[in-house]
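Participant: For reference, the structure I am asking about is given below.
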Amino acid sequence: MAGMSFLRRRSAATPAGPDFDVLAMDPGDWPGNLGAGLLPAPDGSCQGVFLRYDLYGGRGPAMIIGNLPEGSPARETEEGQVPFEVAQLLLALENDEPIEVVSSEDVPVMQGDNLLIVRRVKLSESRIACVQFDRSDGVLVTIASWDRPITDDLYTLLKPLPAELFQQG
């Protein structure tokens, strides 16, 4: 899993993209370069979507946001193992130091009228911030950022992105 780069499903001539809404920051509202990838299952179905935000203009990604539906193998992590998005961030940064999860805590965050339970994941590499939350449709959203704290106002920037964004041209 850890050695996987951004993948697109190749089985279909024109991938339809994920069959779930992808919650992320709109690339039109966000400076820097954006990369998006689909995590395919052997049958060509989409097992997850990853968005890689390069805010430093070519000097490497600052943030990865993943959306993993229930049953996605990328959600399966061993005790102490970092979330898939953190592994992707480290891979993109060419950082191969061993990093593990130190602790996690659930924090309530108000989103308008909704209460969001956010899991803050503390890692042995203090420059990585990581949070996770479950959506009402069972999709796990993970945000991993490099050298930038994740503040509660980030959640208000997340919105469903159009499926066309994930289709191959």
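Ordering of the structure tokens sets the chain letters (A, B, ...); residue numbers start at 1 within each chain; ligands are numbered from 1 in the order shown.
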Got a sec: who's within 12 Å of Asp153 in chain A, counting only C-alpha atoms, leaving out chain neighbours fewer than 3 positions off, as a list in words?

Facilitator: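 So, after excluding close chain neighbours, the residues are Val109, Met110, Gln111, Gly112, Pro149, Ile150, Thr156, Leu157 and Leu158 of chain A.
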
Participant: If you count only C-alpha atoms, which residues fall within 8 Å of Leu34 in chain A, apart from same-chain ones fewer than 3 positions away, as a tab-separated table (two decimals) with N, CA and C atoms, in the first residue's frame?

Facilitator:
chain	number	residue	atom	x	y	z
A	27	PRO	N	-10.62	23.29	-6.21
A	27	PRO	CA	-9.33	23.77	-6.72
A	27	PRO	C	-9.42	25.20	-7.27
A	51	LEU	N	-6.87	13.77	-3.16
A	51	LEU	CA	-6.55	15.06	-3.75
A	51	LEU	C	-5.29	15.58	-3.09
A	52	ARG	N	-4.35	15.97	-3.93
A	52	ARG	CA	-3.05	16.39	-3.45
A	52	ARG	C	-2.89	17.86	-3.79
A	53	TYR	N	-2.83	18.70	-2.77
A	53	TYR	CA	-2.70	20.14	-2.96
A	53	TYR	C	-1.24	20.56	-2.77
A	54	ASP	N	-0.67	21.10	-3.84
A	54	ASP	CA	0.69	21.61	-3.79
A	54	ASP	C	0.60	23.12	-3.66

Participant: Do you know which residues are at most 9 Å from Gly138 in chain A counting only C-alpha atoms, after dropping those on the same chain fewer than 5 positions away, and could you put them as a ChimeraX atom specification?

Facilitator: /A:68-70

Participant: Assign secondary structure with DSSP using the backbone only, and return the residues of chain A in alpha helix (DSSP H) as a list in words.

Facilitator: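 Secondary structure check on chain A, alpha helix (DSSP H): Phe84, Glu85, Val86, Ala87, Gln88, Leu89, Leu90, Leu91, Ala92, Leu154, Tyr155, Thr156 and Leu157 of chain A.
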
Participant: Keeping only N, CA and C atoms, take the residues you just selected and write them out as a PDB file, in the first residue's frame.

Facilitator:
ATOM      1  N   PHE A  84      -3.480   6.040   5.333  1.00  0.00           N
ATOM      2  CA  PHE A  84      -3.025   5.967   3.944  1.00  0.00           C
ATOM      3  C   PHE A  84      -2.608   7.339   3.406  1.00  0.00           C
ATOM      4  N   GLU A  85      -3.399   8.380   3.729  1.00  0.00           N
ATOM      5  CA  GLU A  85      -3.109   9.722   3.219  1.00  0.00           C
ATOM      6  C   GLU A  85      -1.783  10.253   3.758  1.00  0.00           C
ATOM      7  N   VAL A  86      -1.452   9.901   5.007  1.00  0.00           N
ATOM      8  CA  VAL A  86      -0.164  10.314   5.581  1.00  0.00           C
ATOM      9  C   VAL A  86       0.970   9.610   4.834  1.00  0.00           C
ATOM     10  N   ALA A  87       0.778   8.318   4.541  1.00  0.00           N
ATOM     11  CA  ALA A  87       1.786   7.572   3.780  1.00  0.00           C
ATOM     12  C   ALA A  87       1.980   8.185   2.396  1.00  0.00           C
ATOM     13  N   GLN A  88       0.866   8.613   1.763  1.00  0.00           N
ATOM     14  CA  GLN A  88       0.953   9.253   0.450  1.00  0.00           C
ATOM     15  C   GLN A  88       1.698  10.585   0.535  1.00  0.00           C
ATOM     16  N   LEU A  89       1.441  11.341   1.592  1.00  0.00           N
ATOM     17  CA  LEU A  89       2.111  12.624   1.784  1.00  0.00           C
ATOM     18  C   LEU A  89       3.613  12.409   1.946  1.00  0.00           C
ATOM     19  N   LEU A  90       3.999  11.444   2.757  1.00  0.00           N
ATOM     20  CA  LEU A  90       5.415  11.146   2.982  1.00  0.00           C
ATOM     21  C   LEU A  90       6.081  10.700   1.686  1.00  0.00           C
ATOM     22  N   LEU A  91       5.373   9.877   0.922  1.00  0.00           N
ATOM     23  CA  LEU A  91       5.889   9.397  -0.365  1.00  0.00           C
ATOM     24  C   LEU A  91       6.124  10.580  -1.304  1.00  0.00           C
ATOM     25  N   ALA A  92       5.149  11.492  -1.363  1.00  0.00           N
ATOM     26  CA  ALA A  92       5.260  12.651  -2.246  1.00  0.00           C
ATOM     27  C   ALA A  92       6.387  13.584  -1.808  1.00  0.00           C
ATOM     28  N   LEU A 154     -11.013  25.015   8.427  1.00  0.00           N
ATOM     29  CA  LEU A 154     -10.762  24.249   7.196  1.00  0.00           C
ATOM     30  C   LEU A 154     -11.994  23.435   6.799  1.00  0.00           C
ATOM     31  N   TYR A 155     -12.724  22.915   7.780  1.00  0.00           N
ATOM     32  CA  TYR A 155     -13.873  22.052   7.468  1.00  0.00           C
ATOM     33  C   TYR A 155     -14.960  22.805   6.703  1.00  0.00           C
ATOM     34  N   THR A 156     -15.050  24.131   6.936  1.00  0.00           N
ATOM     35  CA  THR A 156     -16.065  24.911   6.220  1.00  0.00           C
ATOM     36  C   THR A 156     -15.690  25.103   4.756  1.00  0.00           C
ATOM     37  N   LEU A 157     -14.409  24.899   4.405  1.00  0.00           N
ATOM     38  CA  LEU A 157     -13.968  25.035   3.013  1.00  0.00           C
ATOM     39  C   LEU A 157     -14.242  23.770   2.196  1.00  0.00           C
TER      40      LEU A 157
END

Participant: To one decimal place, how far is CA of Thr77 in chain A from CA of Asp26 in chain A in Å?

Facilitator: 28.3 Å

Participant: Between CA of Lys122 in chain A and CA of Glu105 in chain A, what is the spacing in Å?

Facilitator: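 That distance, rounded to one decimal, is 8.4 Å.
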
Participant: Taking into account only C-alpha atoms, which residue in the set A:Leu123, A:Val139, A:Ala74, A:Ile128 is nearest to Pro61 in chain A?

Facilitator: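 Of the candidates, the smallest distance to Pro61 in chain A is held by A:Ile128.
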
Participant: Write out as an MDAnalysis selection string which residues come within 10 Å of Ile143 in chain A when counting only C-alpha atoms, dropping same-chain ones fewer than 3 positions away.

Facilitator: chainID A and resid 24 50:51 63:67 83 85:86 120 129:133 150 154:155

Participant: Just to confirm, what's the straight-line distance from CA of Val141 in chain A to CA of Asn95 in chain A in Å (one decimal)?

Facilitator: 22.9 Å

Participant: In terms of the shortest atom-to-atom distance over only C-alpha atoms, which of A:Ser126, A:Glu76, A:Glu164, A:Val102 is closest to Ala144 in chain A?

Facilitator: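 Looking at the shortest contact to Ala144 in chain A, the residue is A:Ser126.
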